[in-house]
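Structure data (mmCIF, C-alpha atoms) from model.cif:
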data_run
loop_
_atom_site.label_atom_id
_atom_site.label_comp_id
_atom_site.auth_asym_id
_atom_site.auth_seq_id
_atom_site.Cartn_x
_atom_site.Cartn_y
_atom_site.Cartn_z
CA MET E 1 47.73 -15.57 10.83
CA ALA E 2 47.31 -15.75 7.05
CA VAL E 3 43.77 -17.05 7.47
CA LEU E 4 42.94 -14.17 9.81
CA VAL E 5 44.28 -11.62 7.31
CA VAL E 6 42.23 -13.15 4.49
CA ARG E 7 39.06 -13.10 6.60
CA THR E 8 39.69 -9.50 7.61
CA LEU E 9 40.22 -8.45 4.00
CA ALA E 10 37.08 -10.30 2.97
CA LYS E 11 35.09 -8.53 5.68
CA LEU E 12 36.44 -5.14 4.62
CA HIS E 13 35.57 -5.92 1.00
CA ARG E 14 31.97 -6.80 1.94
CA GLU E 15 31.64 -3.61 3.98
CA HIS E 16 33.04 -1.60 1.07
CA VAL E 17 30.58 -3.18 -1.37
CA CYS E 18 27.69 -2.52 1.02
CA MET E 19 28.82 1.09 1.43
CA ILE E 20 28.90 1.57 -2.35
CA ALA E 21 25.43 0.05 -2.61
CA ARG E 22 24.10 2.38 0.09
CA ILE E 23 25.66 5.42 -1.55
CA PHE E 24 24.29 4.38 -4.95
CA SER E 25 20.78 4.00 -3.51
CA LEU E 26 21.01 7.36 -1.76
CA MET E 27 22.12 9.00 -5.00
CA LYS E 28 19.03 7.61 -6.73
CA LEU E 29 16.83 9.03 -3.98
CA SER E 30 18.55 12.41 -4.04
CA LEU E 31 17.85 12.66 -7.77
CA SER E 32 14.23 11.54 -7.47
CA SER E 33 11.20 13.77 -7.91
CA LEU E 34 8.14 12.66 -5.96
CA GLN E 35 4.62 13.94 -5.54
CA VAL E 36 2.40 13.44 -2.49
CA ILE E 37 -1.20 14.40 -3.16
CA GLY E 38 -3.38 14.53 -0.07
CA LEU E 39 -1.54 15.60 3.11
CA GLY E 40 -3.67 14.30 5.95
CA GLY E 41 -2.75 11.52 8.37
CA VAL E 42 -1.46 9.18 5.67
CA GLY E 43 0.07 11.70 3.28
CA SER E 44 1.87 13.76 5.93
CA HIS E 45 3.62 10.68 7.34
CA ALA E 46 4.50 9.38 3.88
CA ALA E 47 5.95 12.75 2.87
CA SER E 48 7.83 13.08 6.15
CA MET E 49 9.62 9.74 5.75
CA LEU E 50 10.38 10.36 2.09
CA LEU E 51 12.01 13.62 3.12
CA ARG E 52 13.99 11.92 5.89
CA SER E 53 15.06 9.24 3.41
CA GLY E 54 16.83 11.88 1.34
CA VAL E 55 14.62 12.45 -1.71
CA GLY E 56 15.73 15.38 -3.82
CA ARG E 57 12.43 16.96 -4.76
CA LEU E 58 8.94 16.88 -3.24
CA LEU E 59 5.72 18.34 -4.58
CA LEU E 60 3.11 18.59 -1.81
CA VAL E 61 -0.50 19.11 -2.86
CA ASP E 62 -3.60 19.61 -0.69
CA PHE E 63 -6.39 22.18 -0.67
CA ASP E 64 -7.26 21.75 3.02
CA GLN E 65 -6.04 23.33 6.25
CA VAL E 66 -4.74 21.81 9.46
CA SER E 67 -7.62 21.35 11.89
CA LEU E 68 -7.64 20.73 15.61
CA SER E 69 -9.25 17.33 15.07
CA SER E 70 -6.44 16.21 12.74
CA LEU E 71 -3.63 16.69 15.26
CA ASN E 72 -4.03 13.12 16.52
CA ARG E 73 -2.74 11.75 13.22
CA HIS E 74 -0.76 14.47 11.43
CA ALA E 75 3.00 13.89 11.16
CA VAL E 76 4.33 17.32 12.15
CA ALA E 77 1.46 19.78 12.79
CA THR E 78 1.20 21.58 16.13
CA ARG E 79 -1.45 23.78 17.76
CA GLU E 80 0.21 26.79 16.15
CA ASP E 81 -0.38 25.26 12.71
CA VAL E 82 -4.15 24.97 13.08
CA GLY E 83 -5.77 26.99 10.28
CA THR E 84 -2.60 26.84 8.15
CA PRO E 85 -2.80 25.11 4.75
CA LYS E 86 -1.45 21.57 5.14
CA ALA E 87 0.95 22.01 2.24
CA TYR E 88 2.52 25.14 3.77
CA CYS E 89 2.62 23.51 7.21
CA LEU E 90 4.64 20.57 5.90
CA LYS E 91 6.97 22.77 3.88
CA LYS E 92 7.72 24.90 6.96
CA HIS E 93 8.60 21.92 9.13
CA PHE E 94 10.38 20.03 6.36
CA SER E 95 12.71 22.95 5.65
CA LEU E 96 13.98 22.64 9.22
CA ILE E 97 14.55 18.89 8.88
CA TYR E 98 16.19 18.62 5.47
CA PRO E 99 16.69 22.04 3.86
CA GLU E 100 18.55 20.48 0.90
CA CYS E 101 15.31 19.01 -0.46
CA GLN E 102 13.55 21.11 -3.09
CA ILE E 103 10.01 21.41 -1.77
CA GLU E 104 7.08 22.89 -3.67
CA ALA E 105 3.83 23.33 -1.77
CA ARG E 106 0.54 23.85 -3.57
CA VAL E 107 -2.72 24.72 -1.87
CA GLN E 108 -4.80 23.16 -4.58
CA LEU E 109 -7.54 20.58 -5.08
CA TYR E 110 -6.55 17.90 -7.53
CA ASP E 111 -9.14 17.25 -10.23
CA SER E 112 -9.11 16.56 -13.96
CA SER E 113 -8.61 20.26 -14.73
CA ALA E 114 -5.38 20.26 -12.68
CA GLU E 115 -3.90 17.15 -14.32
CA ASP E 116 -1.54 18.88 -16.74
CA GLU E 117 -0.42 21.44 -14.19
CA ILE E 118 0.44 18.88 -11.49
CA LEU E 119 1.52 15.78 -13.41
CA SER E 120 3.34 17.35 -16.34
CA GLY E 121 6.65 17.30 -14.46
CA GLN E 122 7.04 13.54 -15.04
CA PRO E 123 7.62 12.59 -11.39
CA ASP E 124 9.41 9.36 -10.53
CA PHE E 125 6.53 8.36 -8.26
CA VAL E 126 3.11 9.71 -7.30
CA LEU E 127 1.66 8.92 -3.88
CA ASP E 128 -2.12 9.12 -3.87
CA CYS E 129 -3.28 9.87 -0.33
CA ILE E 130 -6.65 11.37 -1.28
CA ASP E 131 -9.72 10.22 0.63
CA ASN E 132 -12.35 11.48 -1.84
CA ILE E 133 -13.44 8.91 -4.43
CA ASP E 134 -14.00 11.30 -7.37
CA THR E 135 -10.60 12.99 -7.15
CA LYS E 136 -8.86 9.73 -6.26
CA VAL E 137 -10.20 7.96 -9.34
CA SER E 138 -9.33 10.96 -11.51
CA LEU E 139 -5.72 10.98 -10.26
CA LEU E 140 -5.22 7.22 -10.62
CA ALA E 141 -6.68 7.18 -14.13
CA ALA E 142 -4.42 10.08 -15.15
CA CYS E 143 -1.33 8.32 -13.80
CA VAL E 144 -2.17 5.12 -15.68
CA ARG E 145 -2.85 7.06 -18.86
CA ARG E 146 0.46 8.93 -18.58
CA GLY E 147 2.45 5.84 -17.61
CA LEU E 148 3.42 7.29 -14.22
CA ARG E 149 4.28 5.05 -11.29
CA VAL E 150 1.69 5.52 -8.59
CA LEU E 151 0.99 4.06 -5.16
CA SER E 152 -2.46 4.59 -3.68
CA ALA E 153 -3.64 4.57 -0.06
CA MET E 154 -7.01 3.01 0.66
CA GLY E 155 -9.14 3.41 3.80
CA ALA E 156 -7.23 3.79 7.09
CA GLY E 157 -10.16 4.93 9.23
CA ALA E 158 -11.98 2.72 11.76
CA ARG E 159 -9.10 0.20 11.85
CA ALA E 160 -6.96 -0.80 14.81
CA ASP E 161 -4.84 -3.82 13.82
CA PRO E 162 -1.48 -2.79 12.28
CA THR E 163 -0.65 -6.41 11.39
CA ARG E 164 -3.43 -6.51 8.79
CA ILE E 165 -1.95 -3.76 6.58
CA ARG E 166 -0.79 -5.02 3.19
CA VAL E 167 0.59 -3.84 -0.15
CA ALA E 168 -1.01 -5.48 -3.19
CA ASP E 169 -2.66 -4.83 -6.53
CA LEU E 170 -5.93 -2.91 -6.27
CA ARG E 171 -7.93 -5.91 -7.51
CA GLU E 172 -6.64 -8.02 -4.59
CA SER E 173 -7.69 -5.68 -1.78
CA SER E 174 -10.45 -6.93 0.48
CA ASN E 175 -12.62 -5.77 3.39
CA ASP E 176 -12.21 -2.18 2.26
CA PRO E 177 -15.23 -0.16 1.02
CA LEU E 178 -12.97 2.53 -0.49
CA SER E 179 -11.04 -0.06 -2.55
CA ARG E 180 -14.28 -1.57 -3.77
CA ALA E 181 -15.65 1.82 -4.84
CA VAL E 182 -12.40 2.83 -6.56
CA ARG E 183 -12.20 -0.50 -8.41
CA TYR E 184 -15.75 -0.09 -9.66
CA ARG E 185 -15.27 3.49 -10.82
CA LEU E 186 -11.93 2.85 -12.53
CA LYS E 187 -13.36 -0.07 -14.47
CA LYS E 188 -16.67 1.63 -15.29
CA ASP E 189 -15.34 5.08 -16.21
CA HIS E 190 -11.84 4.32 -17.48
CA GLY E 191 -11.66 0.63 -18.34
CA ILE E 192 -8.91 0.07 -15.76
CA GLU E 193 -9.16 -3.25 -13.94
CA GLY E 194 -5.89 -3.40 -12.03
CA GLY E 195 -2.18 -2.83 -12.23
CA ILE E 196 -2.18 -0.20 -9.47
CA PRO E 197 -0.37 -1.04 -6.20
CA VAL E 198 -2.28 -0.01 -3.10
CA VAL E 199 -1.77 0.04 0.66
CA PHE E 200 -4.86 -1.26 2.44
CA SER E 201 -6.00 -3.04 5.58
CA MET E 202 -7.50 -6.52 5.51
CA GLU E 203 -9.27 -5.66 8.76
CA LYS E 204 -12.98 -4.97 8.48
CA PRO E 205 -13.83 -1.38 9.47
CA LYS E 206 -14.99 -1.23 13.08
CA ALA E 207 -17.27 1.77 12.56
CA LYS E 208 -19.12 3.68 9.88
CA LEU E 209 -19.33 7.39 9.17
CA LEU E 210 -20.64 9.20 12.22
CA PRO E 211 -24.13 10.65 11.74
CA PHE E 212 -24.38 14.28 10.69
CA GLN E 213 -25.43 16.66 13.47
CA GLY E 214 -26.12 20.20 12.33
CA SER E 215 -26.78 23.14 14.62
CA LYS E 216 -30.25 23.51 13.12
CA GLU E 217 -32.79 20.90 12.09
CA GLU E 218 -33.08 22.22 8.51
CA GLU E 219 -29.33 22.03 7.88
CA THR E 220 -27.84 19.32 5.66
CA PRO E 221 -24.25 18.05 5.24
CA SER E 222 -23.89 20.04 2.01
CA ASP E 223 -24.27 23.26 4.00
CA TYR E 224 -20.90 22.52 5.62
CA GLN E 225 -18.94 21.38 2.59
CA ILE E 226 -15.81 23.39 1.80
CA VAL E 227 -15.69 21.77 -1.63
CA PRO E 228 -18.76 20.21 -3.36
CA GLY E 229 -18.70 16.41 -3.23
CA PHE E 230 -16.42 16.11 -0.20
CA ARG E 231 -17.82 14.39 2.86
CA VAL E 232 -18.61 16.35 5.99
CA ARG E 233 -19.30 13.47 8.34
CA ILE E 234 -16.24 11.88 9.86
CA ILE E 235 -15.12 8.33 10.50
CA PRO E 236 -13.29 7.52 13.76
CA VAL E 237 -9.53 7.31 13.20
CA LEU E 238 -6.94 5.74 15.48
CA GLY E 239 -3.95 7.99 14.80
CA THR E 240 -1.41 5.17 14.63
CA ILE E 241 -3.02 3.44 11.63
CA PRO E 242 -2.80 6.28 9.05
CA ALA E 243 0.73 6.89 10.31
CA ILE E 244 1.65 3.27 9.57
CA PHE E 245 -0.07 3.51 6.17
CA GLY E 246 2.15 6.48 5.36
CA GLN E 247 5.28 4.73 6.62
CA VAL E 248 4.47 1.69 4.49
CA MET E 249 3.95 3.89 1.43
CA ALA E 250 7.28 5.65 1.96
CA SER E 251 9.08 2.33 2.45
CA TYR E 252 7.57 0.90 -0.71
CA VAL E 253 8.50 3.92 -2.82
CA VAL E 254 12.04 4.17 -1.43
CA THR E 255 12.74 0.48 -2.07
CA GLN E 256 11.28 0.71 -5.55
CA LEU E 257 13.42 3.72 -6.42
CA ALA E 258 16.52 2.05 -4.95
CA GLN E 259 15.65 -1.11 -6.92
CA LEU E 260 15.71 -3.25 -3.80
CA ASP E 261 13.98 -6.50 -4.66
CA PHE E 262 11.43 -7.87 -2.21
CA GLN E 263 8.14 -9.73 -2.41
CA THR E 264 5.09 -8.43 -0.60
CA GLU E 265 3.01 -10.66 1.66
CA PRO E 266 0.66 -12.71 -0.54
CA ILE E 267 -3.02 -11.90 -0.11
CA VAL E 268 -4.30 -15.38 0.68
CA ASN E 269 -7.41 -15.10 2.81
CA LEU E 270 -7.41 -18.61 4.25
CA ASP E 271 -7.44 -19.73 7.86
CA LEU E 272 -5.77 -22.83 9.27
CA ASP E 273 -8.89 -24.93 8.66
CA HIS E 274 -8.55 -24.35 4.93
CA TYR E 275 -4.93 -25.49 5.02
CA ARG E 276 -6.04 -28.59 6.91
CA ILE E 277 -8.47 -29.26 4.07
CA LEU E 278 -5.64 -28.92 1.55
CA HIS E 279 -3.52 -31.30 3.62
CA HIS E 280 -6.34 -33.84 3.83
CA ARG E 281 -6.90 -33.70 0.07
CA LEU E 282 -3.20 -34.25 -0.49
CA LEU E 283 -3.35 -37.41 1.64
CA GLU E 284 -6.43 -38.65 -0.22
CA HIS E 285 -4.82 -37.99 -3.60
CA GLU E 286 -1.64 -39.86 -2.62
CA GLU E 287 -3.66 -42.86 -1.47
CA LEU E 288 -5.73 -42.82 -4.65
CA ILE E 289 -2.77 -42.55 -7.06
CA TYR E 290 0.00 -44.37 -5.17
CA GLY E 291 -1.96 -46.58 -2.78
CA SER E 292 -0.39 -44.99 0.28
CA ALA E 293 0.14 -41.57 1.88
CA GLU E 294 3.28 -42.60 3.76
CA GLN E 295 5.50 -40.35 1.65
CA VAL E 296 3.55 -37.24 2.63
CA LEU E 297 5.89 -35.80 5.24
CA VAL E 298 4.22 -32.43 5.76
CA ASP E 299 1.50 -31.28 8.16
CA ALA E 300 -1.10 -28.51 7.82
CA GLU E 301 1.27 -25.77 9.03
CA GLU E 302 3.90 -26.84 6.53
CA VAL E 303 1.23 -26.82 3.81
CA MET E 304 0.53 -23.22 4.78
CA TYR E 305 4.24 -22.40 4.42
CA ILE E 306 4.35 -24.06 0.98
CA VAL E 307 1.28 -22.21 -0.26
CA LYS E 308 2.07 -18.75 1.13
CA GLU E 309 5.86 -18.54 1.17
CA LEU E 310 7.05 -20.88 -1.59
CA TRP E 311 4.27 -20.51 -4.14
CA ARG E 312 3.25 -17.01 -2.99
CA GLY E 313 -0.45 -17.88 -3.25
CA ARG E 314 -0.19 -18.95 -6.89
CA SER E 315 -0.94 -22.16 -8.68
CA ALA E 316 2.09 -24.16 -9.80
CA ARG E 317 0.44 -24.49 -13.19
CA ASP E 318 -0.18 -20.81 -13.69
CA GLN E 319 2.60 -18.38 -12.84
CA ASN E 320 0.57 -15.38 -13.99
CA MET E 321 1.14 -12.79 -11.27
CA LYS E 322 -2.10 -10.98 -11.99
CA ASP E 323 -4.11 -13.82 -10.47
CA THR E 324 -2.15 -13.93 -7.23
CA GLY E 325 -4.53 -14.21 -4.31
CA TRP E 326 -7.55 -13.66 -6.54
CA LYS E 327 -9.19 -16.30 -8.70
CA MET E 328 -7.27 -19.19 -7.22
CA TRP E 329 -8.29 -18.56 -3.63
CA ARG E 330 -11.85 -17.52 -4.37
CA SER E 331 -12.69 -21.18 -5.11
CA VAL E 332 -11.03 -23.06 -2.27
CA ASN E 333 -13.25 -26.10 -2.83
CA GLU E 334 -11.44 -26.76 -6.11
CA LEU E 335 -7.92 -26.54 -4.68
CA MET E 336 -5.58 -29.46 -4.28
CA LEU E 337 -1.91 -29.98 -3.55
CA VAL E 338 -0.32 -32.80 -5.52
CA ARG E 339 3.15 -34.04 -6.32
CA TYR E 340 4.72 -31.89 -9.01
CA ALA E 341 5.66 -35.03 -10.97
CA SER E 342 2.01 -36.00 -11.26
CA LEU E 343 0.83 -32.73 -12.80
#
Re-express the file's structure as structure tokens.
Amino acid sequence: MAVLVVRTLAKLHREHVCMIARIFSLMKLSLSSLQVIGLGGVGSHAASMLLRSGVGRLLLVDFDQVSLSSLNRHAVATREDVGTPKAYCLKKHFSLIYPECQIEARVQLYDSSAEDEILSGQPDFVLDCIDNIDTKVSLLAACVRRGLRVLSAMGAGARADPTRIRVADLRESSNDPLSRAVRYRLKKDHGIEGGIPVVFSMEKPKAKLLPFQGSKEEETPSDYQIVPGFRVRIIPVLGTIPAIFGQVMASYVVTQLAQLDFQTEPIVNLDLDHYRILHHRLLEHEELIYGSAEQVLVDAEEVMYIVKELWRGRSARDQNMKDTGWKMWRSVNELMLVRYASL
């Protein structure tokens, strides 16, 4: 009986501690001020889940309107919202979901001239969901310069595999033309080489921008631009992928604000054959140094676990996080697993 009482009290204590932790995290969220810039398929879903997670203040920024073609991927828009500014559309629906949240909606294009107006409020996090390179680079550079925490969404169009979506540093993203262009511009124009977390897909795009088809032969894409520099041609979008991008962004921001510690999936672009090579080299090294490989008790799949899960794609010699999944795995022919004692 005494043992049962002790176990019951211990269980109640754990539940009480967990409840306090949950309340503490929710309090942090309720006091947080977040900005979502770009309210399309990705941004609308990110903003929606941030709202439902209990954030206290949201600034929603987008210059565009809800279109009929965007209904396949927008978080809350309906047929009645077509033609309505995206920022106002979200604010209307959000006020019915969580009226306690302070929501400010701005129908505005972010550019360098709007930096002070939009970013001066010192938000706790900025979510960049812009799909135009010029404005995206401008926003990211401003956030870095001001020391603001920012999470950026890369290309979600022409993808179909939700299991390939990752969160990593911008310099680690791969198979994404938008990431490549943003990296180049940030380094060239602002001297920024990394340090910005991004959500991206490791899946190669399955299609390119659809060709422009005007109503007249002499027409060009620029004749249809609402804002100079913004693309008119579209890329096919499977509605589920930008939705998942937005959900991932919201999850990342919420856990960061609540100070929940977790490690993202390492970006190690190796297949099983590469791990077999590492395993074979380990056997050869053991035979060369110790005269036998009998003490190697791991197979190729266990080598993969060691590399990805235990060492998180890093060298045991160099614990510098900035090189995770980058320099080390770009030269697989030089890799080798060895006993730690022999390093």
- Message: Report, in Å with one decimal, the straight-line distance from atom CA of Arg281 of chain E to atom CA of Ser174 of chain E.
- Response: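 Separating atom CA of Arg281 of chain E from atom CA of Ser174 of chain E is a distance of 27.0 Å.
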- Selection near Tyr110 of chain E, 8 Å with all atoms listed in the file, sequence-local residues under 2 positions removed, as an MDAnalysis selection string: chainID E and resid 37 61:62 108 112:115 135 139
- Query: Which of these residues is nearest to Leu140 of chain E, using all atoms listed in the file: E:Leu170, E:Ala75, E:Leu288, E:Leu39?
  - Reply: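 Selected residue with least distance to Leu140 of chain E: E:Leu170.
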- Query: Quick one: distance from atom CA of Ser53 of chain E to atom CA of His93 of chain E in Å, one decimal?
  - Reply: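 Computing it gives 15.3 Å between the two atoms.
Within the file as shown, the PyMOL selection byres ((chain E and resi 35) around 10) identifies Ser33, Leu34, Val36, Ile37, Gly38, Ala47, Arg57, Leu58, Leu59, Leu60, Val61, Ile103, Glu104, Ile118, Leu119, Gly121, Gln122, Pro123, Asp124, Phe125, Val126, Leu127, Asp128 and Val150 of chain E.
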- Query: What is the distance between atom CA of Asp64 of chain E and atom CA of Ala105 of chain E, in Å to one decimal?
  - Reply: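 Computing the Euclidean distance for atom CA of Asp64 of chain E and atom CA of Ala105 of chain E yields 12.2 Å.
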- Could you tell me which of E:Arg164, E:Arg73, E:Arg171, E:Lys28 comes closest to Gly246 of chain E if we count only C-alpha atoms? E:Arg73
- Message: Can you pull out the residues contacting Lys187 of chain E? Cut-off 12 Å, using all atoms listed in the file, and skip same-chain residues under 4 positions away; I want them as a PyMOL selection string.
- Response: chain E and resi 137+140-141+170-171+180-183+191-195
- Message: Would you pick out the contacts of Gly83 of chain E at 8 Å or less, using all atoms listed in the file, so that residues sharing its chain but fewer than 2 positions from it are not included, and give the list as JSON, numbers by chain?
- Response: {"E": [65, 66, 67, 81, 85]}
- Query: Between E:Ile196, E:Leu148, E:Val42, E:Met249, which one has atoms that come closest to Ser120 of chain E, using all atoms listed in the file?
  - Reply: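 Looking only at the distances to Ser120 of chain E, the closest residue turns out to be E:Leu148.
Between Ser95 of chain E and the candidates E:Arg145, E:Ser179, E:Leu51, E:Leu257, the tightest atom-to-atom separation, counting only C-alpha atoms, involves E:Leu51.
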- Distance criterion (only C-alpha atoms): nearest to Ser48 of chain E out of E:Met304, E:Ala156, E:Met27, E:Cys101: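 Ranked by minimum distance to Ser48 of chain E, first place goes to E:Cys101.
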- Proximity to Asp116 of chain E - best of E:Ile244, E:Leu151, E:Cys129, E:Cys143, all atoms listed in the file: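 Closest residue, counting all atoms listed in the file: E:Cys143.
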Would you mind exporting segment 45-61 of chain E with N, CA, C and O atoms, as a CSV table (one decimal), in the first residue's frame?
chain,number,residue,atom,x,y,z
E,45,HIS,N,-0.5,29.3,-44.0
E,45,HIS,CA,-0.5,28.2,-43.1
E,45,HIS,C,0.4,28.4,-41.8
E,45,HIS,O,0.0,28.0,-40.7
E,46,ALA,N,1.5,29.0,-42.0
E,46,ALA,CA,2.4,29.3,-40.9
E,46,ALA,C,1.7,30.3,-39.9
E,46,ALA,O,1.7,30.0,-38.7
E,47,ALA,N,1.1,31.3,-40.5
E,47,ALA,CA,0.4,32.3,-39.6
E,47,ALA,C,-0.8,31.6,-38.9
E,47,ALA,O,-1.0,31.9,-37.7
E,48,SER,N,-1.5,30.8,-39.6
E,48,SER,CA,-2.6,30.1,-39.0
E,48,SER,C,-2.3,29.3,-37.8
E,48,SER,O,-2.9,29.3,-36.7
E,49,MET,N,-1.2,28.5,-37.9
E,49,MET,CA,-0.8,27.6,-36.8
E,49,MET,C,-0.1,28.4,-35.7
E,49,MET,O,-0.2,28.0,-34.5
E,50,LEU,N,0.5,29.5,-36.0
E,50,LEU,CA,1.1,30.4,-34.9
E,50,LEU,C,-0.1,31.0,-34.1
E,50,LEU,O,0.0,31.0,-32.9
E,51,LEU,N,-1.1,31.4,-34.8
E,51,LEU,CA,-2.3,31.9,-34.1
E,51,LEU,C,-2.9,30.8,-33.2
E,51,LEU,O,-3.2,31.1,-32.1
E,52,ARG,N,-3.1,29.6,-33.8
E,52,ARG,CA,-3.7,28.5,-33.0
E,52,ARG,C,-2.8,28.1,-31.9
E,52,ARG,O,-3.3,27.4,-31.0
E,53,SER,N,-1.5,28.4,-31.9
E,53,SER,CA,-0.6,28.0,-30.9
E,53,SER,C,-0.7,29.0,-29.7
E,53,SER,O,0.0,28.8,-28.7
E,54,GLY,N,-1.3,30.1,-29.9
E,54,GLY,CA,-1.5,31.1,-28.8
E,54,GLY,C,-0.6,32.3,-28.8
E,54,GLY,O,-0.4,32.8,-27.7
E,55,VAL,N,0.0,32.6,-29.9
E,55,VAL,CA,0.9,33.8,-29.9
E,55,VAL,C,0.0,35.1,-29.6
E,55,VAL,O,-1.1,35.2,-29.9
E,56,GLY,N,0.7,36.0,-29.0
E,56,GLY,CA,0.0,37.2,-28.5
E,56,GLY,C,-0.2,38.3,-29.6
E,56,GLY,O,-1.2,39.0,-29.5
E,57,ARG,N,0.8,38.4,-30.5
E,57,ARG,CA,0.7,39.5,-31.5
E,57,ARG,C,1.2,39.0,-32.8
E,57,ARG,O,2.3,38.4,-32.9
E,58,LEU,N,0.4,39.3,-33.9
E,58,LEU,CA,0.8,38.9,-35.2
E,58,LEU,C,0.8,40.1,-36.1
E,58,LEU,O,-0.2,40.8,-36.2
E,59,LEU,N,1.8,40.4,-36.9
E,59,LEU,CA,1.8,41.3,-37.9
E,59,LEU,C,1.8,40.6,-39.3
E,59,LEU,O,2.7,39.8,-39.5
E,60,LEU,N,0.8,40.8,-40.1
E,60,LEU,CA,0.7,40.1,-41.4
E,60,LEU,C,0.9,41.1,-42.5
E,60,LEU,O,0.2,42.1,-42.6
E,61,VAL,N,1.8,40.8,-43.4
E,61,VAL,CA,2.2,41.7,-44.4
E,61,VAL,C,2.2,41.0,-45.8
E,61,VAL,O,2.8,40.0,-46.0
